[in-house]
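Chemist: Pasting query.csv here (CSV, C-alpha atoms):
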```
chain,number,residue,atom,x,y,z
A,1,MET,CA,-4.8,20.0,20.6
A,2,LEU,CA,-6.7,19.9,17.3
A,3,ILE,CA,-6.7,16.1,17.1
A,4,ALA,CA,-6.7,13.2,19.5
A,5,LYS,CA,-3.4,12.5,21.3
A,6,ASN,CA,-3.2,8.9,20.2
A,7,VAL,CA,-3.8,9.8,16.6
A,8,SER,CA,-1.1,12.4,16.8
A,9,GLU,CA,1.2,9.8,18.2
A,10,ALA,CA,0.3,7.4,15.5
A,11,ILE,CA,1.1,10.0,12.8
A,12,GLU,CA,4.5,10.6,14.5
A,13,LYS,CA,5.3,6.9,14.7
A,14,SER,CA,4.6,6.5,11.0
A,15,SER,CA,6.5,9.6,10.0
A,16,TRP,CA,9.2,7.5,8.3
A,17,ILE,CA,6.6,6.0,6.0
A,18,ARG,CA,5.3,9.5,5.2
A,19,LYS,CA,8.9,10.6,4.5
A,20,MET,CA,9.5,7.7,2.2
A,21,PHE,CA,6.4,8.5,0.1
A,22,GLU,CA,7.4,12.2,0.1
A,23,ASP,CA,10.9,11.2,-1.2
A,24,GLY,CA,9.2,9.0,-3.8
A,25,ALA,CA,6.9,11.8,-4.9
A,26,LYS,CA,9.9,14.1,-5.3
A,27,LEU,CA,11.8,11.5,-7.4
A,28,LYS,CA,8.8,10.9,-9.7
A,29,ALA,CA,8.3,14.7,-10.1
A,30,GLU,CA,12.0,15.2,-10.9
A,31,PHE,CA,12.7,12.1,-13.1
A,32,GLY,CA,9.2,11.1,-14.2
A,33,ALA,CA,7.2,8.2,-12.7
A,34,GLU,CA,8.3,5.9,-15.5
A,35,ASN,CA,11.9,6.3,-14.4
A,36,VAL,CA,11.3,5.5,-10.8
A,37,CYS,CA,11.2,1.8,-9.7
A,38,ASP,CA,8.5,1.7,-7.1
A,39,PHE,CA,8.4,-1.4,-4.9
A,40,SER,CA,6.8,0.3,-2.0
A,41,LEU,CA,3.1,-0.6,-2.1
A,42,GLY,CA,1.3,-3.9,-2.2
A,43,ASN,CA,-1.2,-2.7,-4.7
A,44,PRO,CA,-2.0,-5.5,-7.2
A,45,ASN,CA,-1.0,-4.4,-10.7
A,46,LEU,CA,-2.7,-7.3,-12.6
A,47,PRO,CA,-6.2,-6.8,-14.1
A,48,PRO,CA,-9.1,-8.7,-12.5
A,49,PRO,CA,-10.0,-12.0,-14.3
A,50,ALA,CA,-11.9,-11.5,-17.6
A,51,LYS,CA,-15.0,-13.0,-16.0
A,52,PHE,CA,-15.1,-10.0,-13.5
A,53,TYR,CA,-16.0,-7.6,-16.3
A,54,THR,CA,-18.6,-9.9,-17.8
A,55,VAL,CA,-20.3,-10.4,-14.4
A,56,LEU,CA,-20.0,-6.7,-13.5
A,57,GLU,CA,-21.6,-5.6,-16.8
A,58,LYS,CA,-24.5,-8.1,-16.4
A,59,LEU,CA,-25.2,-7.0,-12.8
A,60,ALA,CA,-24.9,-3.3,-13.7
A,61,ARG,CA,-27.8,-3.7,-16.1
A,62,ASP,CA,-30.1,-5.1,-13.4
A,63,HIS,CA,-32.7,-2.4,-12.7
A,64,THR,CA,-34.7,-4.4,-10.2
A,65,PRO,CA,-36.1,-2.0,-7.5
A,66,GLY,CA,-34.0,-2.1,-4.3
A,67,VAL,CA,-31.1,-4.0,-5.8
A,68,HIS,CA,-28.7,-1.4,-4.5
A,69,GLY,CA,-30.4,-1.0,-1.1
A,70,TYR,CA,-29.5,-2.3,2.3
A,71,MET,CA,-29.4,-6.0,2.9
A,72,PRO,CA,-28.9,-8.0,6.2
A,73,ASN,CA,-25.7,-6.6,7.9
A,74,ALA,CA,-24.0,-10.0,7.5
A,75,GLY,CA,-24.4,-9.7,3.7
A,76,PHE,CA,-26.5,-11.3,0.9
A,77,GLN,CA,-27.3,-14.9,1.8
A,78,ALA,CA,-26.4,-16.0,-1.7
A,79,THR,CA,-22.9,-14.4,-1.4
A,80,ARG,CA,-22.4,-15.9,2.1
A,81,ASP,CA,-23.3,-19.3,0.7
A,82,ALA,CA,-20.9,-19.0,-2.2
A,83,VAL,CA,-18.1,-18.0,0.1
A,84,ALA,CA,-18.9,-20.9,2.5
A,85,LYS,CA,-18.4,-23.4,-0.3
A,86,ARG,CA,-15.0,-22.0,-1.0
A,87,ILE,CA,-14.1,-22.0,2.7
A,88,ALA,CA,-15.3,-25.6,3.1
A,89,ARG,CA,-12.8,-26.7,0.5
A,90,GLU,CA,-9.9,-24.6,1.8
A,91,GLN,CA,-10.6,-25.6,5.5
A,92,GLU,CA,-11.5,-29.2,4.8
A,93,SER,CA,-14.5,-28.6,7.1
A,94,GLU,CA,-18.2,-28.4,6.7
A,95,ILE,CA,-19.4,-24.8,6.9
A,96,SER,CA,-22.5,-23.0,5.7
A,97,GLY,CA,-23.3,-19.4,4.9
A,98,ALA,CA,-24.6,-18.9,8.4
A,99,HIS,CA,-21.0,-18.7,9.6
A,100,ILE,CA,-19.9,-16.1,7.0
A,101,ILE,CA,-20.1,-12.3,7.4
A,102,MET,CA,-19.3,-10.2,4.4
A,103,THR,CA,-17.1,-7.2,5.3
A,104,VAL,CA,-15.4,-4.1,4.0
A,105,GLY,CA,-12.2,-5.8,3.1
A,106,ALA,CA,-10.0,-7.9,5.4
A,107,GLY,CA,-9.2,-4.7,7.5
A,108,GLY,CA,-12.9,-4.3,8.1
A,109,ALA,CA,-13.1,-8.0,9.1
A,110,LEU,CA,-10.3,-7.7,11.6
A,111,ASN,CA,-11.8,-4.6,13.2
A,112,ALA,CA,-15.2,-6.3,13.5
A,113,VAL,CA,-13.6,-9.3,15.2
A,114,PHE,CA,-11.6,-7.2,17.6
A,115,ARG,CA,-14.6,-5.1,18.5
A,116,ALA,CA,-16.6,-8.3,19.2
A,117,VAL,CA,-14.2,-10.1,21.4
A,118,LEU,CA,-11.8,-7.6,23.1
A,119,GLU,CA,-12.3,-6.1,26.6
A,120,PRO,CA,-10.2,-3.0,27.4
A,121,GLY,CA,-6.7,-4.2,28.2
A,122,ASP,CA,-6.9,-7.5,26.4
A,123,SER,CA,-3.9,-8.4,24.3
A,124,ILE,CA,-3.5,-9.6,20.7
A,125,LEU,CA,-0.3,-11.7,20.1
A,126,VAL,CA,1.2,-11.4,16.6
A,127,PRO,CA,4.4,-13.0,15.3
A,128,LYS,CA,7.0,-10.6,14.0
A,129,PRO,CA,7.4,-9.2,11.4
A,130,PHE,CA,3.8,-8.2,10.6
A,131,PHE,CA,1.5,-5.8,8.7
A,132,VAL,CA,1.9,-2.5,10.6
A,133,GLU,CA,-1.8,-1.6,10.6
A,134,TYR,CA,-2.4,-4.3,13.2
A,135,VAL,CA,-1.1,-1.9,15.8
A,136,PHE,CA,-3.8,0.6,15.0
A,137,TYR,CA,-6.5,-2.0,14.7
A,138,ALA,CA,-5.8,-3.2,18.2
A,139,GLN,CA,-5.8,0.4,19.5
A,140,ASN,CA,-9.1,1.0,17.9
A,141,HIS,CA,-10.7,-1.4,20.3
A,142,HIS,CA,-8.7,-0.7,23.5
A,143,GLY,CA,-6.5,-3.8,22.9
A,144,LYS,CA,-2.8,-4.1,23.3
A,145,LEU,CA,-0.7,-5.6,20.5
A,146,VAL,CA,2.1,-7.9,21.8
A,147,THR,CA,4.8,-8.9,19.4
A,148,VAL,CA,6.3,-12.4,19.5
A,149,ALA,CA,9.7,-13.3,18.0
A,150,THR,CA,9.8,-15.9,15.2
A,151,ASN,CA,12.6,-18.2,14.2
A,152,LEU,CA,15.4,-17.1,11.8
A,153,ASP,CA,13.3,-18.4,8.8
A,154,PHE,CA,10.3,-16.5,10.1
A,155,SER,CA,8.5,-19.8,11.1
A,156,LEU,CA,6.6,-19.8,14.4
A,157,ASP,CA,8.6,-20.0,17.6
A,158,MET,CA,6.4,-22.0,19.8
A,159,SER,CA,8.5,-21.4,23.0
A,160,ALA,CA,8.3,-17.7,22.4
A,161,MET,CA,4.6,-17.9,21.8
A,162,GLU,CA,3.9,-19.8,25.0
A,163,ALA,CA,6.0,-17.4,27.0
A,164,ALA,CA,4.0,-14.5,25.7
A,165,ILE,CA,0.6,-15.9,26.5
A,166,ASP,CA,-0.9,-14.7,29.8
A,167,ALA,CA,-4.3,-14.1,31.3
A,168,SER,CA,-4.8,-10.9,29.2
A,169,THR,CA,-4.3,-12.8,25.9
A,170,ARG,CA,-7.6,-12.9,23.9
A,171,VAL,CA,-6.4,-13.3,20.3
A,172,VAL,CA,-3.4,-14.8,18.5
A,173,LEU,CA,-3.2,-13.3,15.1
A,174,VAL,CA,-1.4,-15.0,12.2
A,175,ASN,CA,-1.0,-13.7,8.7
A,176,THR,CA,-0.3,-16.5,6.2
A,177,PRO,CA,1.1,-16.1,3.6
A,178,ASN,CA,2.8,-13.3,5.5
A,179,ASN,CA,3.2,-9.7,4.7
A,180,PRO,CA,6.1,-8.8,4.5
A,181,THR,CA,8.0,-12.1,4.4
A,182,GLY,CA,5.8,-14.3,2.2
A,183,LYS,CA,6.1,-17.1,4.8
A,184,ILE,CA,3.4,-19.8,5.0
A,185,TYR,CA,3.1,-21.2,8.5
A,186,SER,CA,3.4,-25.0,8.3
A,187,SER,CA,0.6,-27.5,9.2
A,188,ASP,CA,2.8,-28.8,12.0
A,189,ASP,CA,3.3,-25.3,13.5
A,190,LEU,CA,-0.4,-24.5,13.2
A,191,ALA,CA,-1.3,-27.8,14.9
A,192,ALA,CA,1.1,-27.2,17.7
A,193,LEU,CA,-0.3,-23.7,18.1
A,194,GLY,CA,-3.8,-25.1,18.3
A,195,LYS,CA,-2.8,-27.5,21.1
A,196,LEU,CA,-1.0,-24.7,22.9
A,197,LEU,CA,-4.1,-22.4,22.7
A,198,GLU,CA,-6.4,-25.2,23.9
A,199,ARG,CA,-4.3,-25.7,26.9
A,200,LYS,CA,-4.0,-22.0,27.7
A,201,SER,CA,-7.7,-21.4,27.1
A,202,LYS,CA,-8.5,-24.0,29.8
A,203,GLU,CA,-5.8,-22.6,32.1
A,204,PHE,CA,-7.3,-19.0,31.9
A,205,GLY,CA,-10.9,-20.0,31.7
A,206,ARG,CA,-11.9,-18.3,28.5
A,207,PRO,CA,-11.2,-19.0,24.8
A,208,ILE,CA,-8.1,-17.5,23.2
A,209,TYR,CA,-9.1,-17.0,19.6
A,210,LEU,CA,-6.8,-17.9,16.7
A,211,VAL,CA,-7.5,-15.4,14.0
A,212,SER,CA,-5.9,-16.0,10.6
A,213,ASP,CA,-5.6,-13.1,8.2
A,214,GLU,CA,-5.5,-14.7,4.7
A,215,PRO,CA,-5.9,-12.2,1.9
A,216,TYR,CA,-2.9,-13.8,0.1
A,217,ARG,CA,-4.1,-17.4,0.5
A,218,ALA,CA,-4.4,-17.9,-3.3
A,219,VAL,CA,-1.1,-16.2,-4.1
A,220,THR,CA,1.3,-19.1,-3.6
A,221,TYR,CA,4.1,-20.6,-5.6
A,222,ASP,CA,6.0,-23.9,-6.4
A,223,GLY,CA,3.1,-26.0,-5.3
A,224,ALA,CA,2.9,-24.5,-1.8
A,225,THR,CA,-0.5,-24.5,-0.1
A,226,VAL,CA,-1.8,-22.7,3.0
A,227,PRO,CA,-2.8,-25.3,5.7
A,228,PRO,CA,-6.3,-25.0,7.2
A,229,ILE,CA,-6.8,-23.8,10.8
A,230,PHE,CA,-10.4,-25.1,11.4
A,231,PRO,CA,-9.4,-28.7,11.8
A,232,VAL,CA,-6.6,-27.9,14.4
A,233,TYR,CA,-8.4,-25.5,16.7
A,234,GLU,CA,-12.1,-24.9,17.4
A,235,ALA,CA,-11.9,-21.2,18.5
A,236,SER,CA,-10.6,-20.1,15.1
A,237,ILE,CA,-11.7,-17.3,12.8
A,238,ILE,CA,-10.6,-16.5,9.2
A,239,CYS,CA,-10.5,-12.9,8.0
A,240,SER,CA,-9.8,-12.4,4.3
A,241,SER,CA,-10.7,-10.5,1.2
A,242,PHE,CA,-10.8,-10.6,-2.6
A,243,SER,CA,-8.2,-7.8,-2.9
A,244,LYS,CA,-5.3,-9.9,-4.0
A,245,ASP,CA,-6.6,-13.0,-5.7
A,246,LEU,CA,-9.1,-11.0,-7.9
A,247,SER,CA,-7.1,-7.7,-7.9
A,248,LEU,CA,-10.1,-5.9,-6.4
A,249,ALA,CA,-8.2,-4.0,-3.6
A,250,GLY,CA,-10.1,-0.8,-4.2
A,251,GLU,CA,-13.5,-2.4,-4.1
A,252,ARG,CA,-13.1,-3.2,-0.3
A,253,ILE,CA,-14.8,-6.6,-0.3
A,254,GLY,CA,-13.9,-9.3,2.3
A,255,TYR,CA,-15.3,-11.7,4.8
A,256,ILE,CA,-15.1,-13.4,8.2
A,257,ALA,CA,-15.5,-17.1,8.5
A,258,VAL,CA,-16.2,-18.5,12.0
A,259,ASN,CA,-15.4,-22.1,12.7
A,260,PRO,CA,-18.7,-23.9,13.2
A,261,ALA,CA,-17.0,-26.3,15.6
A,262,LEU,CA,-16.7,-23.5,18.1
A,263,GLU,CA,-19.1,-23.9,21.0
A,264,GLY,CA,-21.4,-20.9,20.9
A,265,SER,CA,-20.5,-20.0,17.3
A,266,PRO,CA,-24.0,-18.5,16.6
A,267,MET,CA,-23.5,-16.0,19.4
A,268,LEU,CA,-20.1,-15.0,18.0
A,269,VAL,CA,-21.6,-14.7,14.5
A,270,GLY,CA,-24.4,-12.5,15.9
A,271,ALA,CA,-21.8,-10.3,17.7
A,272,LEU,CA,-19.8,-9.9,14.5
A,273,THR,CA,-22.9,-9.0,12.5
A,274,LEU,CA,-23.5,-6.3,15.1
A,275,THR,CA,-20.0,-5.0,15.1
A,276,ASN,CA,-19.9,-4.9,11.3
A,277,ARG,CA,-22.8,-2.5,11.6
A,278,ILE,CA,-21.9,-0.3,14.5
A,279,LEU,CA,-18.4,0.3,13.4
A,280,GLY,CA,-20.0,2.3,10.6
A,281,PHE,CA,-19.4,-0.3,7.8
A,282,VAL,CA,-23.2,-1.2,8.0
A,283,ASN,CA,-22.7,-3.8,5.3
A,284,ALA,CA,-20.2,-4.8,2.6
A,285,PRO,CA,-20.8,-3.0,-0.7
A,286,ALA,CA,-23.9,-4.5,-2.4
A,287,LEU,CA,-22.8,-4.6,-6.0
A,288,ILE,CA,-19.4,-6.1,-5.4
A,289,GLN,CA,-21.0,-8.7,-3.0
A,290,ARG,CA,-23.1,-9.9,-5.9
A,291,VAL,CA,-20.1,-9.9,-8.3
A,292,VAL,CA,-17.8,-11.9,-6.1
A,293,ALA,CA,-20.5,-14.5,-5.5
A,294,GLU,CA,-20.0,-15.6,-9.1
A,295,LEU,CA,-16.1,-15.3,-8.9
A,296,VAL,CA,-15.2,-17.3,-5.8
A,297,ASP,CA,-13.3,-19.9,-7.9
A,298,GLU,CA,-11.5,-17.3,-10.1
A,299,LYS,CA,-8.1,-15.7,-9.6
A,300,VAL,CA,-5.5,-13.6,-11.4
A,301,ASP,CA,-2.5,-14.9,-13.3
A,302,ILE,CA,-0.3,-15.8,-10.3
A,303,ASP,CA,2.4,-17.0,-12.6
A,304,PHE,CA,3.2,-13.4,-13.5
A,305,TYR,CA,4.0,-12.7,-9.9
A,306,LYS,CA,6.1,-15.8,-9.7
A,307,GLN,CA,8.2,-14.7,-12.7
A,308,ASN,CA,8.7,-11.3,-11.1
A,309,ARG,CA,9.7,-13.0,-7.9
A,310,ASP,CA,12.2,-15.2,-9.6
A,311,ILE,CA,13.8,-12.5,-11.7
A,312,LEU,CA,14.2,-10.2,-8.8
A,313,CYS,CA,15.2,-12.7,-6.2
A,314,ASP,CA,17.7,-14.5,-8.4
A,315,ALA,CA,19.4,-11.3,-9.4
A,316,LEU,CA,19.6,-9.9,-5.9
A,317,ASN,CA,21.2,-13.1,-4.6
A,318,GLY,CA,23.6,-12.9,-7.5
A,319,PHE,CA,24.6,-9.4,-6.5
A,320,GLY,CA,25.3,-10.5,-2.9
A,321,TYR,CA,22.1,-9.9,-1.1
A,322,ASP,CA,20.6,-12.5,1.2
A,323,CYS,CA,17.1,-12.9,-0.3
A,324,PRO,CA,15.1,-16.1,0.4
A,325,LYS,CA,12.4,-16.9,-2.1
A,326,PRO,CA,9.0,-16.4,-0.5
A,327,GLN,CA,6.4,-19.2,-0.6
A,328,GLY,CA,3.5,-16.8,-1.1
A,329,ALA,CA,2.2,-13.2,-1.3
A,330,PHE,CA,4.1,-10.8,-3.5
A,331,TYR,CA,6.9,-9.4,-1.3
A,332,LEU,CA,10.6,-10.0,-0.9
A,333,PHE,CA,12.1,-9.4,2.5
A,334,PRO,CA,15.9,-9.4,1.9
A,335,LYS,CA,18.4,-8.7,4.6
A,336,SER,CA,19.9,-5.2,4.5
A,337,PRO,CA,23.6,-5.3,3.5
A,338,ILE,CA,24.1,-2.9,6.4
A,339,GLY,CA,22.6,-3.0,9.8
A,340,ASP,CA,20.5,0.1,9.4
A,341,ASP,CA,17.7,-0.8,7.0
A,342,VAL,CA,16.3,2.7,6.9
A,343,GLU,CA,19.7,4.0,5.8
A,344,PHE,CA,20.0,1.3,3.1
A,345,CYS,CA,16.5,2.3,1.7
A,346,ARG,CA,17.9,5.8,1.5
A,347,GLU,CA,20.8,4.4,-0.5
A,348,LEU,CA,18.3,2.7,-2.9
A,349,LEU,CA,16.6,6.1,-3.3
A,350,LYS,CA,19.8,7.3,-4.9
A,351,GLU,CA,19.1,4.7,-7.6
A,352,ASN,CA,15.5,5.8,-8.0
A,353,ILE,CA,14.3,2.6,-6.2
A,354,LEU,CA,11.6,2.8,-3.6
A,355,ALA,CA,11.7,0.1,-0.9
A,356,VAL,CA,10.2,-0.1,2.6
A,357,PRO,CA,12.5,-0.5,5.7
A,358,GLY,CA,11.8,-3.7,7.6
A,359,ALA,CA,11.8,-1.7,10.8
A,360,GLY,CA,8.3,-0.5,9.8
A,361,PHE,CA,7.1,-4.2,10.1
A,362,HIS,CA,9.0,-4.9,13.3
A,363,GLY,CA,11.6,-6.7,11.2
A,364,PRO,CA,14.7,-4.4,11.4
A,365,GLY,CA,17.7,-5.4,9.4
A,366,HIS,CA,15.6,-6.2,6.4
A,367,PHE,CA,13.7,-4.3,3.7
A,368,ARG,CA,10.5,-5.1,1.8
A,369,LEU,CA,10.1,-5.1,-2.0
A,370,SER,CA,6.6,-5.4,-3.4
A,371,TYR,CA,6.9,-7.1,-6.8
A,372,CYS,CA,3.2,-6.7,-7.8
A,373,THR,CA,4.6,-4.3,-10.4
A,374,SER,CA,5.4,-4.2,-14.1
A,375,ARG,CA,8.0,-6.5,-15.6
A,376,ASP,CA,9.7,-3.4,-17.0
A,377,THR,CA,10.1,-2.0,-13.4
A,378,VAL,CA,11.6,-5.2,-12.2
A,379,GLU,CA,14.2,-5.4,-15.0
A,380,ARG,CA,15.1,-1.7,-15.0
A,381,SER,CA,15.8,-1.8,-11.2
A,382,LEU,CA,18.4,-4.5,-11.4
A,383,PRO,CA,21.5,-2.3,-12.2
A,384,GLY,CA,20.5,0.1,-9.4
A,385,PHE,CA,20.3,-2.7,-6.8
A,386,LYS,CA,23.8,-3.9,-7.8
A,387,ARG,CA,25.2,-0.4,-7.6
A,388,ALA,CA,23.7,0.2,-4.2
A,389,ILE,CA,25.0,-3.0,-2.6
A,390,ASP,CA,28.5,-2.5,-4.2
A,391,ARG,CA,28.6,1.1,-2.9
A,392,VAL,CA,27.8,0.2,0.7
A,393,LEU,CA,30.0,-2.9,0.8
A,394,ASN,CA,32.9,-0.9,-0.6
A,395,ARG,CA,32.4,1.8,2.1
A,396,THR,CA,32.3,-1.0,4.7
A,397,LYS,CA,35.6,-2.4,3.5
A,398,GLY,CA,37.1,1.1,3.3
A,399,SER,CA,36.3,1.7,6.9
```
Will you turn the file into structure tokens for me?

Modeler:
Amino acid sequence: MLIAKNVSEAIEKSSWIRKMFEDGAKLKAEFGAENVCDFSLGNPNLPPPAKFYTVLEKLARDHTPGVHGYMPNAGFQATRDAVAKRIAREQESEISGAHIIMTVGAGGALNAVFRAVLEPGDSILVPKPFFVEYVFYAQNHHGKLVTVATNLDFSLDMSAMEAAIDASTRVVLVNTPNNPTGKIYSSDDLAALGKLLERKSKEFGRPIYLVSDEPYRAVTYDGATVPPIFPVYEASIICSSFSKDLSLAGERIGYIAVNPALEGSPMLVGALTLTNRILGFVNAPALIQRVVAELVDEKVDIDFYKQNRDILCDALNGFGYDCPKPQGAFYLFPKSPIGDDVEFCRELLKENILAVPGAGFHGPGHFRLSYCTSRDTVERSLPGFKRAIDRVLNRTKGS
């Protein structure tokens, strides 16, 4: 075999995603990209804040020898210190730059964490639905991803979580606001989860880490906020990035924040600094580290996303879809009008609308719409959404 068996299997499992993109490419070639309503990718469409360009231009003119060379693998100390100030506010906890590691995006952060704490066969528990790449991140480090059911509103089901934890559990991974649902896990749920993990860690004689993946933390609506995890559980780690709040997804800049209250946290920080290096990342990109150090309090115009959310969600509900308004991120996760969400996404393709089946996120019976797109795309799509649901409901009645 030309490639590794597990990679071949991963390609096969994601073939429906590849097929969707192939179908989308055909539509764009046939009808023109401007005539296809693409809600498939979570690729921020807003420009970075104006200050980004000012800072970037200033730093690009710095000709100091070595300014683009290697730095400590954990990142520039000035950048780590700046991120720590932001984390201290968000987590309502004291934290210094010594507990921050700059990474190649949130994906790089999660891989560095898993490499540092997983033994072969250890399990990572994740509430469903979830970002599909978590499966591959776990496999990268000989871990096993264990999915846990959530309640009907996608809130944490503590009974299901407790039942899933066993001696192999090393990490509980939460993503809040969630991709694909936009759910923000409540402070009560996170506090209850912290108490559960404290009890289970004592029972099994080793810490179970609570890892919170938070790239959408700043993308929230209607006054919603993301509760801190540091005050509710000592063995907690945050993985995040500037991809969504600064629209810098392609620059691949993120960070890990380790709870200073964790006993032995310096050892964990040392391990994460090592894994950040030996996974081949070496260090986060130097120029963008220096840029974001001056932008930690900036963010894009979240109100634009909110308006897209409201237009799309209100219209879909008016057409007969079941589409709750998300609290954060930039995704809708409506119920499919028919049981087969993949089939319904094919129905949307007939209207030149690209959506992602919920099955790909372990959330069958739903479909995901990414509304970080143009207002024109949102408004042009509405008649097609209505025609699609009318068509499938009429067929259902006819049968």

Chemist: Could you jot down the CA of Pro326 in chain A to CA of Lys306 in chain A separation for me, Å, one decimal place?

Modeler: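 These two atoms are separated by 9.7 Å.
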
Chemist: Within 10 Å of (1.9, -26.1, 12.5) (coordinates as in the file), grab all the protein and nucleic acid residues, counting all atoms listed in the file, and write them out as JSON, numbers by chain.

Modeler: {"A": [155, 156, 158, 184, 185, 186, 187, 188, 189, 190, 191, 192, 193, 194, 195, 227, 228, 229, 232]}

Chemist: With distances taken over all atoms listed in the file, which of A:Val113, A:Val146, A:Val83, A:Val226 is nearest to Gly182 in chain A?

Modeler: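 Selected residue with least distance to Gly182 in chain A: A:Val226.
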
Chemist: From the options A:Gly105, A:Gly318, A:Pro49, A:Gly360, which residue's atoms come nearest to Arg252 in chain A, counting all atoms listed in the file?

Modeler: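 Distance minimum relative to Arg252 in chain A lands on A:Gly105.
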
Chemist: In Å, rounded to a single decimal, give me how far CA of Ile124 in chain A is from CA of Leu173 in chain A.

Modeler: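 So the two atoms, CA of Leu173 in chain A and CA of Ile124 in chain A, lie 6.7 Å apart.
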
Chemist: Of the residues A:Ser370, A:Asn259, A:Thr169, A:Asn73, which is the one nearest to Leu41 in chain A, using only C-alpha atoms?

Modeler: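 With only C-alpha atoms as the atom set, the closest residue is A:Ser370.
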
Chemist: Ala33 in chain A: which residues within 12 Å, counting all atoms listed in the file, same-chain residues fewer than 3 positions away excluded, as a CSV table (one decimal) with C-alpha atoms, keeping the file's coordinate frame?

Modeler:
```
chain,number,residue,atom,x,y,z
A,24,GLY,CA,9.2,9.0,-3.8
A,25,ALA,CA,6.9,11.8,-4.9
A,26,LYS,CA,9.9,14.1,-5.3
A,27,LEU,CA,11.8,11.5,-7.4
A,28,LYS,CA,8.8,10.9,-9.7
A,29,ALA,CA,8.3,14.7,-10.1
A,30,GLU,CA,12.0,15.2,-10.9
A,36,VAL,CA,11.3,5.5,-10.8
A,37,CYS,CA,11.2,1.8,-9.7
A,38,ASP,CA,8.5,1.7,-7.1
A,352,ASN,CA,15.5,5.8,-8.0
A,353,ILE,CA,14.3,2.6,-6.2
A,354,LEU,CA,11.6,2.8,-3.6
A,377,THR,CA,10.1,-2.0,-13.4
```

Chemist: When you look at Leu382 in chain A with a cut-off of 12 Å (counting all atoms listed in the file), what residues show up, excluding the ones that are within fewer than 6 positions of it in the same chain? I need them as JSON, numbers by chain.

Modeler: {"A": [37, 308, 311, 312, 313, 314, 315, 316, 317, 318, 319, 348, 351, 352, 353, 375, 376, 388, 389]}

Chemist: Rounded to one decimal in Å, what is the spacing between CA of Leu248 in chain A and CA of Glu57 in chain A?

Modeler: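 Between CA of Leu248 in chain A and CA of Glu57 in chain A the gap is 15.5 Å.
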
Chemist: Contacts of Gly69 in chain A at 10 Å or less, counting only C-alpha atoms, minus same-chain residues fewer than 2 places along, as a list in words?

Modeler: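 The neighbour list is Pro65, Gly66, Val67, Met71, Pro285, Ala286 and Leu287 of chain A.
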
Chemist: Can you list, as number ranges by chain, every protein, DNA or RNA residue that comes within 12 Å of Glu263 in chain A when you count only C-alpha atoms, leaving out same-chain residues fewer than 6 positions away?

Modeler: A: 206-207, 233-236, 269

Chemist: Hey, which of A:Ala359, A:Leu118, A:Met102, A:Leu56 ends up closest to Phe76 in chain A? Count only C-alpha atoms.

Modeler: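 The shortest atom-to-atom distance to Phe76 in chain A comes from A:Met102.
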
Chemist: Would you mind telling me which residue in A:Glu251, A:Asp213, A:Asp23, A:Glu9 lies nearest to Asn179 in chain A when using all atoms listed in the file?

Modeler: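 Looking only at the distances to Asn179 in chain A, the closest residue turns out to be A:Asp213.
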
Chemist: What would the list of residues within 9 Å of (-1.6, -13.3, 11.1) (file frame) look like as a ChimeraX atom specification, if only C-alpha atoms are what count?

Modeler: /A:126-127,130-131,172-179,210-214

Chemist: Go through A:Phe361, A:Phe330, A:Phe52, A:Tyr209 one by one, measure the shortest atom-to-atom distance of each to Val292 in chain A using only C-alpha atoms, and give the residue with the smallest value.

Modeler: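 Using only C-alpha atoms, Val292 in chain A sits closest to A:Phe52.
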
Chemist: What's around Ile302 in chain A at 12 Å? Count only C-alpha atoms, leave out sequence neighbours fewer than 4 positions away in its own chain, and write the answer as a VMD selection string.

Modeler: chain A and resid 44 to 49 216 to 223 244 to 247 298 306 to 309 328 to 330 371 to 372
